[in-house]
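**Student:** Handing you this structure, nothing more for now.
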Amino acid sequence: MSQRLSKDEQDALEHFVHTPGETATNYVRFAKEINTQAGITFGCQIDKFLIPLRPGRKLGIIGRPGMGKTTLGGYLVLREARRILAHGLQNQLYAAHVTWEQSVEELEAMYQTPEGYGVTDVAWGRVPVDQVIRDSLSRPSLPVWLFGESLYKTNLDTPLMTVETVYHAMRAVWKERKMLPSILFFDFIQNIPVPDERERYMQVSSAMRKIGRMAVQVKAPLVLGIQANQRVDDYKVPLPTMRDSEWSAVIGQLLDVLIAVWKPIRTYLPHQEEFINVGGMDYPNTDDLMVIKLLKQRFEKGYGIWAQRFDQNQMILDDYKVERINLNDY
C-alpha cells in the first residue's frame with residue numbers, strides 16, 4: 001500500500017520525474033516540432049553551419065564593447081518579429097528584447113523601420129522630428145516588446161529589475177493578453193542584478209542559471225549578450241575565446257551555442273590595415289565588416305569563422321563578397 005505523499009513530494013513527482021513512456025512520447029513530439037518550426041536563423045551563410053535556434057536552446061554572443069553584440073542580437077529579434085508578422089501570429093507571439101544596458105527609448109531606434117535613414121542618423125539628430133513621427137506610426141504593428149528601464153516611466157520609486165521581475169512581467173503579459181515570447185534576447189548578462197548573491201562571480205553565475213530556466217519555462221529560444229574580458233584587447237586578433245567571458249566561466253558552460261564577434265575597424269584603422277584576412281581570404285576593412293567565430297555548438301560542429309557585412313544603421317546582415325584570396329595563407 002502506497003504512502004500518502006507530501007505536497008513537496010507531489011510537486012517533485014509531477015514536474016521533475018519522467019517515466020520512460022513519457023520521455024519517449026515527448027521525444028517524438030519534440031522531433032515533430034523541429035520539423036515544423038523554422039527556428040531562429042541569421043539569414044546568411046552561417047545558417048549552413050548553425051542549428052536553428054528553437055525553444056529552450058541558448059545562443060551567446062560574446063564580444064568587447066562596441067563590437068556589435070547588442071545590434072546583432074537586435075537583428076535576430078527584428079528578424080523573428082517580421083516572421084511573426086508574416087505568419088499573422090502577432091496576437092499570440094512577440095519578440096522580447098530585455099536590456100540592462102540602455103534605456104528602452106534609445107533601443108527603440110533599432111526597431112523603427114524608416115526609409116532613407118537609420119539608427120545612426122536618429123542618434124545624431126539628423127532627422128526632422130515630424131519625419132520621425134510620421135515613420136513611427138507603423139511601429140506598433142511590429143511585435144517587438146522591450147523590457148527595461150525607461151526615461152519616462154522609471155523613477156526613484158521603481159524597483160530593481162531582476163530576472164524574477166522579467167519573469168513576472170512575462171506572466172502578466174500572458175495573463176492579460178495570452179501572448180508569449182518566441183525569442184528572448186537578454187543584454188547583457190554581466191549587468192543583471194542578483195540581490196541574493198554578494199560576490200560578482202556568483203551573481204553572474206546565478207543569473208545565467210535563472211535565465212536558462214526561464215527559456216525552458218516560456219518555451220522560447222534564448223539569445224544572450226556577453227561582455228568579453230578586457231584581456232581580449234591585447235590579442236592580435238581580438239576575438240574572444242571560451243575562457244573570456246567577464247566574471248564567470250559558467251556562462252559558456254551552460255550555452256548550447258557560443259559565437260564571438262569582432263569589428264576589425266574598431267581595432268585597426270583602414271590606413272593601418274586595408275584588408276582583413278578571414279579564413280585565408282581578404283576583406284576590405286570597412287565599417288560594415290563583422291567577423292563572427294563559432295566557439296561552441298551542441299549536436300554539431302563547434303567551429304568556423306565568417307566575414308559578414310553588417311550594416312548596423314539599417315540592421316541588415318548578409319554575406320560579404322570575397323575581395324581577394326591571400327595565397328600566403330595556403
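As shown in the C-alpha cells, the chain order sets the letters A, B, ...; within each chain, residues go from 1, and ligands are also counted from 1 in the order they appear.
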Please extract the residues of region 12-195 of chain A with a backbone DSSP assignment of alpha helix (DSSP H) and present them as number ranges by chain.

**Tutor:** A: 12-16, 20-36, 69-86, 104-108, 119-123, 129-136, 163-177

**Student:** Extract, using only C-alpha atoms, all DNA, RNA and protein residues at most 9 Å from Val77 (chain A), discarding same-chain residues fewer than 2 positions from it, and format them as an mmCIF file with C-alpha atoms, in the first residue's frame.

**Tutor:**
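Once everything was written out, this is selection19.cif:
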data_model
loop_
_atom_site.group_PDB
_atom_site.id
_atom_site.type_symbol
_atom_site.label_atom_id
_atom_site.label_comp_id
_atom_site.auth_asym_id
_atom_site.auth_seq_id
_atom_site.Cartn_x
_atom_site.Cartn_y
_atom_site.Cartn_z
ATOM 1 C CA ILE A 40 15.744 31.426 -35.311
ATOM 2 C CA LEU A 72 23.399 41.578 -33.762
ATOM 3 C CA GLY A 73 21.043 40.308 -31.052
ATOM 4 C CA GLY A 74 18.586 43.027 -32.035
ATOM 5 C CA TYR A 75 18.859 41.929 -35.649
ATOM 6 C CA ARG A 79 14.053 39.088 -37.980
ATOM 7 C CA GLU A 80 11.829 36.968 -35.722
ATOM 8 C CA ALA A 81 9.308 39.796 -35.281
ATOM 9 C CA ARG A 82 8.955 40.078 -39.055
ATOM 10 C CA ALA A 95 9.870 39.037 -29.836
ATOM 11 C CA ALA A 96 11.340 40.162 -26.493
ATOM 12 C CA HIS A 97 14.423 42.358 -26.069
ATOM 13 C CA VAL A 144 8.928 43.658 -30.689
ATOM 14 C CA ILE A 183 12.582 34.736 -28.741
ATOM 15 C CA LEU A 184 14.272 36.135 -25.630
ATOM 16 C CA PHE A 185 17.243 38.476 -26.076
ATOM 17 C CA VAL A 223 19.937 34.915 -27.183
#

**Student:** So how many Å separate CA of Ile226 (chain A) and CA of Asp187 (chain A), to one decimal?

**Tutor:**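 Spanning CA of Ile226 (chain A) to CA of Asp187 (chain A) is a straight-line distance of 7.4 Å.
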
**Student:** For Thr241 (chain A), please output as a list in words all residues within 8 Å (counting only C-alpha atoms; exclusion window: fewer than 2 positions along the same chain).

**Tutor:**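 Returned residues: Leu239, Arg243, Asp244, Ala260 and Leu295 of chain A.
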
**Student:** Just write the chosen residues, C-alpha atoms, as an mmCIF file, in the first residue's frame.

**Tutor:**
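selection11.cif, freshly written:
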data_model
loop_
_atom_site.group_PDB
_atom_site.id
_atom_site.type_symbol
_atom_site.label_atom_id
_atom_site.label_comp_id
_atom_site.auth_asym_id
_atom_site.auth_seq_id
_atom_site.Cartn_x
_atom_site.Cartn_y
_atom_site.Cartn_z
ATOM 1 C CA LEU A 239 38.172 37.638 -30.966
ATOM 2 C CA ARG A 243 37.509 31.449 -21.403
ATOM 3 C CA ASP A 244 36.993 35.171 -21.976
ATOM 4 C CA ALA A 260 32.381 35.646 -30.847
ATOM 5 C CA LEU A 295 33.282 28.739 -30.388
#
